[in-house]
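Chemist: Contents of protein.cif (mmCIF, C-alpha atoms) are below:
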```cif
data_start
loop_
_atom_site.group_PDB
_atom_site.id
_atom_site.type_symbol
_atom_site.label_atom_id
_atom_site.label_comp_id
_atom_site.auth_asym_id
_atom_site.auth_seq_id
_atom_site.Cartn_x
_atom_site.Cartn_y
_atom_site.Cartn_z
ATOM 1 C CA MET A 1 90.275 175.073 160.308
ATOM 2 C CA THR A 2 92.676 172.374 161.463
ATOM 3 C CA ALA A 3 92.826 168.839 160.109
ATOM 4 C CA ASP A 4 91.139 167.612 163.298
ATOM 5 C CA ASP A 5 88.230 169.982 162.687
ATOM 6 C CA THR A 6 87.325 168.059 159.519
ATOM 7 C CA LEU A 7 86.629 164.854 161.452
ATOM 8 C CA ARG A 8 83.929 163.749 163.871
ATOM 9 C CA THR A 9 84.027 160.567 165.878
ATOM 10 C CA THR A 10 80.481 159.605 164.916
ATOM 11 C CA ALA A 11 78.049 160.466 162.160
ATOM 12 C CA PRO A 12 74.580 161.734 163.159
ATOM 13 C CA GLY A 13 72.190 158.913 163.929
ATOM 14 C CA HIS A 14 74.699 156.074 164.252
ATOM 15 C CA ASP A 15 78.187 155.215 165.400
ATOM 16 C CA LEU A 16 78.995 152.554 162.793
ATOM 17 C CA TRP A 17 81.922 154.458 161.322
ATOM 18 C CA PRO A 18 83.587 157.858 161.763
ATOM 19 C CA TYR A 19 82.550 160.779 159.584
ATOM 20 C CA ARG A 20 85.233 161.982 157.185
ATOM 21 C CA PRO A 21 84.309 164.432 154.418
ATOM 22 C CA ILE A 22 85.787 164.156 150.947
ATOM 23 C CA THR A 23 87.594 167.445 151.640
ATOM 24 C CA ALA A 24 89.802 165.703 154.228
ATOM 25 C CA PRO A 25 93.271 164.640 153.044
ATOM 26 C CA GLY A 26 93.249 161.556 150.837
ATOM 27 C CA GLY A 27 95.263 158.363 151.013
ATOM 28 C CA PRO A 28 98.326 157.251 149.080
ATOM 29 C CA ALA A 29 98.458 157.291 145.296
ATOM 30 C CA TRP A 30 97.900 154.000 143.535
ATOM 31 C CA PRO A 31 100.780 152.144 141.844
ATOM 32 C CA ASP A 32 102.662 154.065 139.157
ATOM 33 C CA GLY A 33 101.177 157.289 140.478
ATOM 34 C CA LYS A 34 97.702 156.495 139.152
ATOM 35 C CA ARG A 35 94.792 158.257 140.808
ATOM 36 C CA LEU A 36 91.746 156.120 140.026
ATOM 37 C CA ALA A 37 91.457 152.429 140.898
ATOM 38 C CA VAL A 38 88.688 150.475 139.155
ATOM 39 C CA TYR A 39 87.485 146.972 139.937
ATOM 40 C CA VAL A 40 84.688 145.033 138.243
ATOM 41 C CA ALA A 41 82.743 142.566 140.400
ATOM 42 C CA VAL A 42 80.970 139.645 138.728
ATOM 43 C CA GLY A 43 78.286 137.810 140.686
ATOM 44 C CA LEU A 44 78.508 134.027 140.212
ATOM 45 C CA GLU A 45 75.452 132.858 142.088
ATOM 46 C CA GLU A 46 73.447 129.726 142.773
ATOM 47 C CA TYR A 47 69.825 129.520 143.951
ATOM 48 C CA ARG A 48 67.930 126.662 145.601
ATOM 49 C CA PHE A 49 64.944 125.752 143.480
ATOM 50 C CA GLY A 50 61.721 126.925 145.084
ATOM 51 C CA VAL A 51 63.330 127.799 148.416
ATOM 52 C CA GLY A 52 64.404 131.175 149.813
ATOM 53 C CA ARG A 53 64.964 134.423 147.954
ATOM 54 C CA THR A 54 65.374 134.662 144.191
ATOM 55 C CA GLU A 55 66.230 137.266 141.583
ATOM 56 C CA ASP A 56 63.552 137.280 138.889
ATOM 57 C CA ILE A 57 63.333 138.953 135.503
ATOM 58 C CA VAL A 58 59.723 137.890 134.879
ATOM 59 C CA PRO A 59 57.473 138.794 137.830
ATOM 60 C CA ASP A 60 54.716 136.717 139.393
ATOM 61 C CA VAL A 61 55.445 133.373 137.766
ATOM 62 C CA ALA A 62 53.485 130.661 139.540
ATOM 63 C CA ALA A 63 55.334 127.758 141.152
ATOM 64 C CA PRO A 64 57.104 125.747 139.948
ATOM 65 C CA ASP A 65 58.973 128.688 138.409
ATOM 66 C CA LEU A 66 60.908 127.175 135.525
ATOM 67 C CA VAL A 67 61.011 130.497 133.687
ATOM 68 C CA ASN A 68 63.117 132.534 136.112
ATOM 69 C CA THR A 69 65.116 129.453 137.079
ATOM 70 C CA SER A 70 66.174 129.033 133.455
ATOM 71 C CA TRP A 71 67.083 132.739 133.238
ATOM 72 C CA ARG A 72 69.340 132.481 136.283
ATOM 73 C CA ASP A 73 70.859 129.216 135.051
ATOM 74 C CA TYR A 74 71.723 130.901 131.755
ATOM 75 C CA GLY A 75 74.194 132.980 133.741
ATOM 76 C CA ASN A 76 76.294 130.041 134.903
ATOM 77 C CA ARG A 77 75.908 128.104 131.653
ATOM 78 C CA VAL A 78 76.616 130.961 129.216
ATOM 79 C CA GLY A 79 76.673 134.529 130.472
ATOM 80 C CA ALA A 80 79.437 134.213 133.054
ATOM 81 C CA PHE A 81 81.866 132.660 130.581
ATOM 82 C CA ARG A 82 81.327 135.535 128.160
ATOM 83 C CA LEU A 83 81.638 138.173 130.897
ATOM 84 C CA LEU A 84 84.917 136.681 132.097
ATOM 85 C CA GLU A 85 86.169 136.527 128.514
ATOM 86 C CA ARG A 86 85.311 140.198 127.889
ATOM 87 C CA LEU A 87 86.996 141.346 131.089
ATOM 88 C CA ASP A 88 90.101 139.310 130.283
ATOM 89 C CA ARG A 89 90.182 140.741 126.763
ATOM 90 C CA ALA A 90 89.901 144.250 128.227
ATOM 91 C CA GLY A 91 92.770 143.623 130.645
ATOM 92 C CA ILE A 92 90.521 143.919 133.722
ATOM 93 C CA PRO A 93 91.118 141.166 136.314
ATOM 94 C CA PRO A 94 87.716 139.942 137.528
ATOM 95 C CA THR A 95 86.496 140.127 141.105
ATOM 96 C CA VAL A 96 84.090 137.219 141.599
ATOM 97 C CA LEU A 97 81.315 137.440 144.197
ATOM 98 C CA LEU A 98 81.042 133.713 144.788
ATOM 99 C CA ASN A 99 78.246 131.612 146.189
ATOM 100 C CA THR A 100 80.233 128.545 147.230
ATOM 101 C CA ALA A 101 77.471 126.233 145.936
ATOM 102 C CA VAL A 102 78.832 127.075 142.467
ATOM 103 C CA TYR A 103 81.811 124.842 143.276
ATOM 104 C CA ASP A 104 79.372 121.937 143.147
ATOM 105 C CA THR A 105 76.942 123.029 140.434
ATOM 106 C CA ALA A 106 79.262 124.647 137.863
ATOM 107 C CA PRO A 107 82.874 123.490 138.390
ATOM 108 C CA GLU A 108 83.833 124.381 134.811
ATOM 109 C CA LEU A 109 82.869 127.979 135.519
ATOM 110 C CA ILE A 110 85.109 128.046 138.582
ATOM 111 C CA ARG A 111 88.004 126.779 136.437
ATOM 112 C CA ALA A 112 87.339 129.485 133.850
ATOM 113 C CA ALA A 113 87.401 132.150 136.571
ATOM 114 C CA ARG A 114 90.700 130.814 137.929
ATOM 115 C CA GLU A 115 92.221 130.850 134.453
ATOM 116 C CA VAL A 116 91.664 134.604 134.134
ATOM 117 C CA GLY A 117 93.074 135.320 137.602
ATOM 118 C CA ALA A 118 89.805 136.069 139.374
ATOM 119 C CA GLU A 119 89.746 137.006 143.041
ATOM 120 C CA PHE A 120 87.057 135.044 144.880
ATOM 121 C CA ILE A 121 85.059 137.110 147.376
ATOM 122 C CA GLY A 122 82.864 135.271 149.886
ATOM 123 C CA HIS A 123 79.227 135.814 148.871
ATOM 124 C CA GLY A 124 77.454 133.188 150.930
ATOM 125 C CA THR A 125 76.685 129.557 150.195
ATOM 126 C CA SER A 126 73.619 130.240 148.052
ATOM 127 C CA ASN A 127 71.943 133.439 146.942
ATOM 128 C CA SER A 128 68.721 132.065 148.335
ATOM 129 C CA ASP A 129 70.290 132.845 151.726
ATOM 130 C CA SER A 130 70.165 136.021 153.793
ATOM 131 C CA LEU A 131 72.004 137.005 156.950
ATOM 132 C CA VAL A 132 68.837 138.639 158.260
ATOM 133 C CA GLY A 133 67.510 136.841 161.307
ATOM 134 C CA MET A 134 70.709 134.952 162.067
ATOM 135 C CA SER A 135 72.017 134.926 165.618
ATOM 136 C CA ALA A 136 75.506 136.303 166.206
ATOM 137 C CA ALA A 137 76.845 132.765 166.653
ATOM 138 C CA GLY A 138 74.964 131.459 163.620
ATOM 139 C CA GLU A 139 76.172 134.307 161.450
ATOM 140 C CA ALA A 140 79.787 133.820 162.539
ATOM 141 C CA ALA A 141 79.526 130.108 161.748
ATOM 142 C CA TYR A 142 78.020 130.868 158.321
ATOM 143 C CA LEU A 143 80.781 133.349 157.444
ATOM 144 C CA ALA A 144 83.455 130.942 158.641
ATOM 145 C CA GLY A 145 81.927 128.091 156.636
ATOM 146 C CA VAL A 146 82.063 130.096 153.409
ATOM 147 C CA ALA A 147 85.673 131.040 154.107
ATOM 148 C CA ALA A 148 86.567 127.419 154.860
ATOM 149 C CA ARG A 149 85.127 126.201 151.537
ATOM 150 C CA ILE A 150 86.999 128.828 149.523
ATOM 151 C CA THR A 151 90.194 128.083 151.440
ATOM 152 C CA ALA A 152 89.854 124.362 150.726
ATOM 153 C CA GLU A 153 89.225 124.945 147.017
ATOM 154 C CA GLU A 154 91.660 127.799 146.351
ATOM 155 C CA GLY A 155 94.420 127.138 148.878
ATOM 156 C CA ALA A 156 94.021 130.554 150.493
ATOM 157 C CA ALA A 157 91.369 132.204 152.605
ATOM 158 C CA PRO A 158 89.206 134.901 151.006
ATOM 159 C CA GLY A 159 90.159 138.409 152.047
ATOM 160 C CA GLY A 160 86.802 139.925 151.184
ATOM 161 C CA TRP A 161 83.079 139.471 151.759
ATOM 162 C CA SER A 162 79.914 140.658 150.028
ATOM 163 C CA SER A 163 76.608 139.590 151.564
ATOM 164 C CA PRO A 164 73.857 137.873 149.586
ATOM 165 C CA TRP A 165 71.193 140.532 149.002
ATOM 166 C CA LEU A 166 73.462 143.048 150.782
ATOM 167 C CA SER A 167 71.948 141.689 154.000
ATOM 168 C CA HIS A 168 73.385 142.342 157.448
ATOM 169 C CA THR A 169 72.708 141.976 161.148
ATOM 170 C CA THR A 170 73.850 144.129 164.037
ATOM 171 C CA SER A 171 76.757 141.680 164.411
ATOM 172 C CA THR A 172 77.932 141.450 160.790
ATOM 173 C CA LEU A 173 80.857 143.870 160.925
ATOM 174 C CA ASP A 174 82.132 142.298 164.154
ATOM 175 C CA SER A 175 81.628 138.782 162.786
ATOM 176 C CA LEU A 176 83.479 139.539 159.554
ATOM 177 C CA ALA A 177 86.553 140.808 161.372
ATOM 178 C CA GLY A 178 86.306 138.000 163.910
ATOM 179 C CA THR A 179 86.232 135.271 161.253
ATOM 180 C CA GLY A 180 89.221 136.600 159.327
ATOM 181 C CA TYR A 181 87.747 138.733 156.566
ATOM 182 C CA ARG A 182 89.785 141.892 156.047
ATOM 183 C CA TYR A 183 87.571 143.944 153.737
ATOM 184 C CA LEU A 184 83.912 144.356 152.892
ATOM 185 C CA LEU A 185 82.281 145.002 149.531
ATOM 186 C CA ASP A 186 78.682 146.053 150.228
ATOM 187 C CA LEU A 187 78.611 149.733 151.084
ATOM 188 C CA ARG A 188 78.906 153.039 149.245
ATOM 189 C CA LEU A 189 79.667 155.592 151.918
ATOM 190 C CA ASP A 190 82.628 157.173 150.116
ATOM 191 C CA ASP A 191 84.631 157.238 146.906
ATOM 192 C CA ARG A 192 87.652 156.161 148.955
ATOM 193 C CA PRO A 193 88.371 153.110 151.109
ATOM 194 C CA VAL A 194 87.184 153.593 154.690
ATOM 195 C CA THR A 195 88.462 151.841 157.800
ATOM 196 C CA VAL A 196 85.593 150.801 160.065
ATOM 197 C CA PRO A 197 86.196 149.903 163.720
ATOM 198 C CA THR A 198 84.710 146.652 165.030
ATOM 199 C CA ARG A 199 84.925 144.749 168.306
ATOM 200 C CA ASN A 200 87.410 142.432 166.611
ATOM 201 C CA GLY A 201 89.667 145.031 164.996
ATOM 202 C CA ASP A 202 89.448 147.271 161.972
ATOM 203 C CA LEU A 203 87.634 146.271 158.788
ATOM 204 C CA LEU A 204 88.357 147.955 155.457
ATOM 205 C CA VAL A 205 85.269 149.002 153.494
ATOM 206 C CA LEU A 206 85.899 149.420 149.769
ATOM 207 C CA PRO A 207 83.510 151.527 147.659
ATOM 208 C CA TYR A 208 80.868 149.205 146.220
ATOM 209 C CA ALA A 209 78.476 150.331 143.515
ATOM 210 C CA LEU A 210 74.908 150.323 144.765
ATOM 211 C CA GLU A 211 73.632 151.925 141.547
ATOM 212 C CA VAL A 212 76.312 151.155 138.946
ATOM 213 C CA ASN A 213 75.066 147.647 139.572
ATOM 214 C CA ASP A 214 72.988 145.722 137.063
ATOM 215 C CA SER A 215 70.848 144.072 139.746
ATOM 216 C CA THR A 216 69.573 147.225 141.426
ATOM 217 C CA THR A 217 69.453 149.228 138.206
ATOM 218 C CA VAL A 218 68.487 146.879 135.381
ATOM 219 C CA VAL A 219 66.256 144.479 137.311
ATOM 220 C CA GLY A 220 65.275 146.792 140.161
ATOM 221 C CA ARG A 221 64.605 149.943 138.138
ATOM 222 C CA GLY A 222 64.115 148.661 134.605
ATOM 223 C CA ALA A 223 67.092 150.486 133.084
ATOM 224 C CA SER A 224 67.985 149.502 129.541
ATOM 225 C CA ALA A 225 71.327 148.011 128.532
ATOM 226 C CA THR A 226 72.317 151.337 126.959
ATOM 227 C CA GLU A 227 71.271 153.314 130.028
ATOM 228 C CA PHE A 228 73.339 151.060 132.273
ATOM 229 C CA ALA A 229 76.384 151.338 130.002
ATOM 230 C CA ASP A 230 75.981 155.124 129.986
ATOM 231 C CA MET A 231 75.916 155.088 133.791
ATOM 232 C CA VAL A 232 79.234 153.210 133.827
ATOM 233 C CA VAL A 233 80.791 155.709 131.434
ATOM 234 C CA ASP A 234 79.500 158.780 133.278
ATOM 235 C CA GLU A 235 80.572 157.426 136.678
ATOM 236 C CA PHE A 236 84.015 156.693 135.273
ATOM 237 C CA ASP A 237 84.473 160.075 133.580
ATOM 238 C CA GLU A 238 83.395 162.010 136.666
ATOM 239 C CA LEU A 239 85.570 160.021 139.068
ATOM 240 C CA LEU A 240 88.543 160.184 136.713
ATOM 241 C CA ASP A 241 88.265 163.974 136.713
ATOM 242 C CA ARG A 242 87.839 164.080 140.501
ATOM 243 C CA SER A 243 90.803 161.805 141.055
ATOM 244 C CA ALA A 244 93.091 164.672 140.091
ATOM 245 C CA ASP A 245 92.437 165.933 143.643
ATOM 246 C CA GLN A 246 93.026 162.641 145.463
ATOM 247 C CA PRO A 247 93.144 158.882 144.771
ATOM 248 C CA LEU A 248 89.671 157.326 144.396
ATOM 249 C CA VAL A 249 88.090 153.915 143.854
ATOM 250 C CA MET A 250 85.337 153.010 141.389
ATOM 251 C CA SER A 251 83.470 149.734 141.164
ATOM 252 C CA VAL A 252 81.121 148.212 138.614
ATOM 253 C CA VAL A 253 78.913 145.310 139.702
ATOM 254 C CA VAL A 254 77.474 142.898 137.145
ATOM 255 C CA HIS A 255 75.838 139.490 137.316
ATOM 256 C CA SER A 256 76.193 136.500 135.041
ATOM 257 C CA PHE A 257 72.483 136.234 134.213
ATOM 258 C CA ILE A 258 71.943 139.979 133.740
ATOM 259 C CA SER A 259 74.924 141.558 131.974
ATOM 260 C CA GLY A 260 75.834 138.164 130.526
ATOM 261 C CA ALA A 261 72.798 138.391 128.229
ATOM 262 C CA PRO A 262 74.051 139.084 124.689
ATOM 263 C CA PHE A 263 72.414 142.492 124.167
ATOM 264 C CA ARG A 264 73.524 143.751 127.577
ATOM 265 C CA LEU A 265 77.014 142.338 127.142
ATOM 266 C CA ARG A 266 77.435 144.240 123.877
ATOM 267 C CA ALA A 267 76.484 147.518 125.588
ATOM 268 C CA LEU A 268 78.697 146.796 128.610
ATOM 269 C CA ASP A 269 81.600 146.041 126.299
ATOM 270 C CA ARG A 270 81.380 149.567 124.889
ATOM 271 C CA ALA A 271 81.652 150.933 128.432
ATOM 272 C CA LEU A 272 84.626 148.679 129.207
ATOM 273 C CA ARG A 273 86.429 149.838 126.077
ATOM 274 C CA HIS A 274 85.761 153.463 127.012
ATOM 275 C CA MET A 275 87.369 152.923 130.413
ATOM 276 C CA THR A 276 90.373 150.957 129.223
ATOM 277 C CA ALA A 277 91.162 153.633 126.655
ATOM 278 C CA HIS A 278 92.451 155.515 129.725
ATOM 279 C CA ALA A 279 94.604 152.664 131.040
ATOM 280 C CA ASP A 280 97.624 154.959 131.245
ATOM 281 C CA ARG A 281 95.840 156.875 134.042
ATOM 282 C CA VAL A 282 93.764 154.138 135.694
ATOM 283 C CA TRP A 283 94.634 151.121 137.829
ATOM 284 C CA PHE A 284 92.357 148.246 136.794
ATOM 285 C CA THR A 285 92.650 145.981 139.763
ATOM 286 C CA GLN A 286 91.015 143.816 142.429
ATOM 287 C CA PRO A 287 90.066 144.403 146.072
ATOM 288 C CA ARG A 288 92.940 142.274 147.360
ATOM 289 C CA ALA A 289 95.468 144.444 145.545
ATOM 290 C CA ILE A 290 93.863 147.647 146.844
ATOM 291 C CA ALA A 291 93.915 146.313 150.409
ATOM 292 C CA ALA A 292 97.514 145.132 150.076
ATOM 293 C CA HIS A 293 98.625 148.479 148.655
ATOM 294 C CA LEU A 294 97.000 150.400 151.493
ATOM 295 C CA ALA A 295 98.507 148.062 154.102
ATOM 296 C CA ALA A 296 101.984 148.452 152.585
ATOM 297 C CA ALA A 297 101.619 152.231 152.494
ATOM 298 C CA GLU A 298 100.529 152.278 156.140
ATOM 299 C CA THR A 299 103.511 150.132 157.144
ATOM 300 C CA ALA A 300 105.882 152.373 155.214
ATOM 301 C CA ALA A 301 104.392 155.487 156.810
ATOM 302 C CA GLY A 302 104.774 153.954 160.273
ATOM 303 C CA SER A 303 108.394 153.037 159.608
ATOM 304 C CA ALA A 304 109.135 156.544 158.335
ATOM 305 C CA ALA A 305 107.536 158.071 161.434
ATOM 306 C CA GLN A 306 109.682 155.889 163.699
ATOM 307 C CA THR A 307 112.793 156.912 161.787
ATOM 308 C CA ARG A 308 111.979 160.591 162.323
ATOM 309 C CA GLU A 309 111.426 160.235 166.075
ATOM 310 C CA PRO A 310 114.267 161.829 168.065
ATOM 311 C CA THR A 311 116.336 159.514 170.167
ATOM 312 C CA ALA A 312 116.982 160.134 173.865
#
```
Translate this structure into C-alpha cells?
Modeler:
Amino acid sequence: MTADDTLRTTAPGHDLWPYRPITAPGGPAWPDGKRLAVYVAVGLEEYRFGVGRTEDIVPDVAAPDLVNTSWRDYGNRVGAFRLLERLDRAGIPPTVLLNTAVYDTAPELIRAAREVGAEFIGHGTSNSDSLVGMSAAGEAAYLAGVAARITAEEGAAPGGWSSPWLSHTTSTLDSLAGTGYRYLLDLRLDDRPVTVPTRNGDLLVLPYALEVNDSTTVVGRGASATEFADMVVDEFDELLDRSADQPLVMSVVVHSFISGAPFRLRALDRALRHMTAHADRVWFTQPRAIAAHLAAAETAAGSAAQTREPTA
C-alpha cells in the first residue's frame, strides 16, 4: 500500500473534509520533542435573562428562572476565578471560550484571565445565541463582530472560534475563514489537527473534547465530579501512550459554573495534578501556539523542499 492509498478525497456521506486514517503519517513533533499537546478550554459565558437558549442545572423551573440564572452567575462571580487560579498553579495556560458580553458584565474576570496569559477564543456575543437559522451574510457579520470586539479589547484579532452550543450552518466553515479566523475548536474528528478546505482558504480544526467536556457529560449525562475527573485521567493516559507513535492533541473543556463549583473543582484538580506530573513528556499549551508551531513547521518543510530541488 502506498501513502496515497491511505487517503480519500471525501468521506462517505459528505465532502466537508478529506478522510485520513490515524495510520497515515503524523505531523511534526511538538516543541522539545514532546509527543502530546494538551490544552484546557474554559467557557466564560453570559446569558440574556429570559431570552434565547440557556444551560440549566435544575430542570423545568418556571419563569422567571432565578434559580438557574444564579447558578450560571456563580460561574462569573466565583467559579471562573478559581478555575483560572488552579490552571495557573498547575502551569497550564488557559484557553478562554469567550462570550464578548462578558467584557461588559464581568470586566474583573477578563482582567484575571489576562493576568494568567489566557488566549481568548471567539465564542459568540452571548451564549443565548445560536448560529442556526442565520443567513450566510448574517453569520459572517456576527463572526466579524465578535472578532472586532476582541480585537478592540485585546489589541489583536482572535485566531480561533468555538460556536455557542456547537451550532453551525452550511456556511460556517466558509464564513470563519472569510472573516479571518484561522482555527476552529468545535469538532472531534481526529486526535490530530486537521486542515479543512473552505471556499475562502484552509481552516485548521483542532481536536475539541465533545465528551471530556463538563457540559455534555456532567449536565447532559449526569456524570459525577469523580466520574468526570476519571474521564480526564483515562483520556490523558491513553493518548499519552498512543503519542509514542505520532504527535497528538488532547483537550479538556470546562465551564465556570460547572467545574468551578467547589466539589467539582476539587475533583478536577486531582486530574490536573495527574497530568502535570508528566510535564516532562507533555506540552501544556494553547491553540494559538499549536497553530503557530504547525505553520512554522510547514514553512520550514517548504523551504527545505525548495533547497533540495535541482537547478537547471
Chemist: Just to confirm, what's the straight-line distance from atom CA of Ile121 of chain A to atom CA of Pro107 of chain A in Å (one decimal)?
Modeler: 16.5 Å
Chemist: How many Å lie between atom CA of Glu55 of chain A and atom CA of Ala101 of chain A, rounded to one decimal?
Modeler: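 So the two atoms, atom CA of Glu55 of chain A and atom CA of Ala101 of chain A, lie 16.3 Å apart.
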Chemist: How many Å separate atom CA of Arg35 of chain A from atom CA of Ala296 of chain A?
Modeler: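 According to the coordinates, atom CA of Arg35 of chain A and atom CA of Ala296 of chain A are separated by 16.9 Å.
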Chemist: Output the residue selection produced by the PyMOL selection byres ((chain A and resi 262) around 12) on the file above, formatted as a ChimeraX atom specification.
Modeler: /A:74-75,78-83,86,225,256-261,263-269
Chemist: Evaluate the PyMOL selection byres ((chain A and resi 39) around 10) against this structure - the residues, as a CSV table (one decimal) with C-alpha atoms, in the frame of the given file, please.
Modeler:
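File written: result-v3.csv
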```
chain,number,residue,atom,x,y,z
A,37,ALA,CA,91.5,152.4,140.9
A,38,VAL,CA,88.7,150.5,139.2
A,40,VAL,CA,84.7,145.0,138.2
A,41,ALA,CA,82.7,142.6,140.4
A,42,VAL,CA,81.0,139.6,138.7
A,92,ILE,CA,90.5,143.9,133.7
A,93,PRO,CA,91.1,141.2,136.3
A,94,PRO,CA,87.7,139.9,137.5
A,95,THR,CA,86.5,140.1,141.1
A,207,PRO,CA,83.5,151.5,147.7
A,208,TYR,CA,80.9,149.2,146.2
A,249,VAL,CA,88.1,153.9,143.9
A,250,MET,CA,85.3,153.0,141.4
A,251,SER,CA,83.5,149.7,141.2
A,252,VAL,CA,81.1,148.2,138.6
A,253,VAL,CA,78.9,145.3,139.7
A,283,TRP,CA,94.6,151.1,137.8
A,284,PHE,CA,92.4,148.2,136.8
A,285,THR,CA,92.6,146.0,139.8
A,286,GLN,CA,91.0,143.8,142.4
A,287,PRO,CA,90.1,144.4,146.1
A,290,ILE,CA,93.9,147.6,146.8
```
Chemist: Could you pull out every residue with an atom within 7 Å of (87.5, 144.5, 161.7), file coordinates, counting only C-alpha atoms, and send them as a list of chain:residue names?
Modeler: A:Leu173, A:Asp174, A:Leu176, A:Ala177, A:Gly178, A:Arg182, A:Val196, A:Pro197, A:Thr198, A:Asn200, A:Gly201, A:Asp202, A:Leu203
Chemist: Keeping only C-alpha atoms, write the selected residues to a file as a short mmCIF file (atom, residue, chain, number, x, y, z; two decimals), in the frame of the given file.
Modeler:
```
data_model
loop_
_atom_site.label_atom_id
_atom_site.label_comp_id
_atom_site.auth_asym_id
_atom_site.auth_seq_id
_atom_site.Cartn_x
_atom_site.Cartn_y
_atom_site.Cartn_z
CA LEU A 173 80.86 143.87 160.93
CA ASP A 174 82.13 142.30 164.15
CA LEU A 176 83.48 139.54 159.55
CA ALA A 177 86.55 140.81 161.37
CA GLY A 178 86.31 138.00 163.91
CA ARG A 182 89.78 141.89 156.05
CA VAL A 196 85.59 150.80 160.06
CA PRO A 197 86.20 149.90 163.72
CA THR A 198 84.71 146.65 165.03
CA ASN A 200 87.41 142.43 166.61
CA GLY A 201 89.67 145.03 165.00
CA ASP A 202 89.45 147.27 161.97
CA LEU A 203 87.63 146.27 158.79
#
```
Chemist: Between A:Leu206, A:Met275, A:Leu84, A:Ile110, single out the one closest to Glu153 of chain A, counting all atoms listed in the file.
Modeler: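 Selected residue with least distance to Glu153 of chain A: A:Ile110.
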Chemist: What lies within 7 Å of Gly124 of chain A using all atoms listed in the file, ignoring chain neighbours under 6 positions off, as a list in words?
Modeler: Asn99, Thr100, Val146, Ser163 and Pro164 of chain A
Chemist: Let me know the residues the PyMOL selection byres ((chain A and resi 175) around 10) catches in the file above, as a VMD selection string.
Modeler: chain A and resid 136 to 144 169 to 174 176 to 181 198 to 200
Chemist: Selection from above, C-alpha atoms, as a PDB file, in the coordinates of the input, can you write it?
Modeler:
```pdb
ATOM      1  CA  ALA A 136      75.506 136.303 166.206  1.00  0.00           C
ATOM      2  CA  ALA A 137      76.845 132.765 166.653  1.00  0.00           C
ATOM      3  CA  GLY A 138      74.964 131.459 163.620  1.00  0.00           C
ATOM      4  CA  GLU A 139      76.172 134.307 161.450  1.00  0.00           C
ATOM      5  CA  ALA A 140      79.787 133.820 162.539  1.00  0.00           C
ATOM      6  CA  ALA A 141      79.526 130.108 161.748  1.00  0.00           C
ATOM      7  CA  TYR A 142      78.020 130.868 158.321  1.00  0.00           C
ATOM      8  CA  LEU A 143      80.781 133.349 157.444  1.00  0.00           C
ATOM      9  CA  ALA A 144      83.455 130.942 158.641  1.00  0.00           C
ATOM     10  CA  THR A 169      72.708 141.976 161.148  1.00  0.00           C
ATOM     11  CA  THR A 170      73.850 144.129 164.037  1.00  0.00           C
ATOM     12  CA  SER A 171      76.757 141.680 164.411  1.00  0.00           C
ATOM     13  CA  THR A 172      77.932 141.450 160.790  1.00  0.00           C
ATOM     14  CA  LEU A 173      80.857 143.870 160.925  1.00  0.00           C
ATOM     15  CA  ASP A 174      82.132 142.298 164.154  1.00  0.00           C
ATOM     16  CA  LEU A 176      83.479 139.539 159.554  1.00  0.00           C
ATOM     17  CA  ALA A 177      86.553 140.808 161.372  1.00  0.00           C
ATOM     18  CA  GLY A 178      86.306 138.000 163.910  1.00  0.00           C
ATOM     19  CA  THR A 179      86.232 135.271 161.253  1.00  0.00           C
ATOM     20  CA  GLY A 180      89.221 136.600 159.327  1.00  0.00           C
ATOM     21  CA  TYR A 181      87.747 138.733 156.566  1.00  0.00           C
ATOM     22  CA  THR A 198      84.710 146.652 165.030  1.00  0.00           C
ATOM     23  CA  ARG A 199      84.925 144.749 168.306  1.00  0.00           C
ATOM     24  CA  ASN A 200      87.410 142.432 166.611  1.00  0.00           C
TER      25      ASN A 200
END
```
Chemist: Would you please work out which residue, of A:Val51, A:Val96, A:Ala113, A:Leu239, is nearest to Leu185 of chain A when using all atoms listed in the file?
Modeler: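 Between A:Val51, A:Val96, A:Ala113, A:Leu239, the residue approaching Leu185 of chain A most closely is A:Val96.
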Chemist: Hey, which of A:Asp56, A:Asp190, A:Asp214, A:Asp245 ends up closest to Gly43 of chain A? Count all atoms listed in the file.
Modeler: A:Asp214
Chemist: Using all atoms listed in the file, can you list as a list in words the residues within 12 Å of (98.9, 158.4, 144.0)?
Modeler: Gly26, Gly27, Pro28, Ala29, Trp30, Pro31, Asp32, Gly33, Lys34, Arg35, Leu36, Ala37, Ser243, Ala244, Asp245, Gln246, Pro247, Leu248, Val249, Arg281, Val282, Trp283, His293, Leu294 and Ala297 of chain A
Chemist: Provide an axis-aligned box for all listed atoms of segment 28-31 of chain A, padding each side by 8 Å; report its centre and its edge lengths in Å to one decimal, as AutoDock Vina command-line options.
Modeler:
```
--center_x 99.3 --center_y 154.7 --center_z 145.5 --size_x 18.9 --size_y 21.1 --size_z 23.2
```
Chemist: Which of these, A:Asp191, A:Ala90, A:Pro21, A:His14, has the shortest distance to Ala279 of chain A once you count all atoms listed in the file?
Modeler: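 The answer is A:Ala90, which sits nearest to Ala279 of chain A.
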Chemist: Pick the closest to Asp186 of chain A from A:Gly222, A:Asn76, A:Ala156, A:His123: which is it, counting only C-alpha atoms?
Modeler: A:His123
Chemist: Under the rule that only C-alpha atoms are counted, which of A:Ala148, A:Ser167, A:Ala112, A:Gly117 is the nearest residue to Asp129 of chain A?
Modeler: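 Checking each of A:Ala148, A:Ser167, A:Ala112, A:Gly117 against Asp129 of chain A, counting only C-alpha atoms, the winner is A:Ser167.
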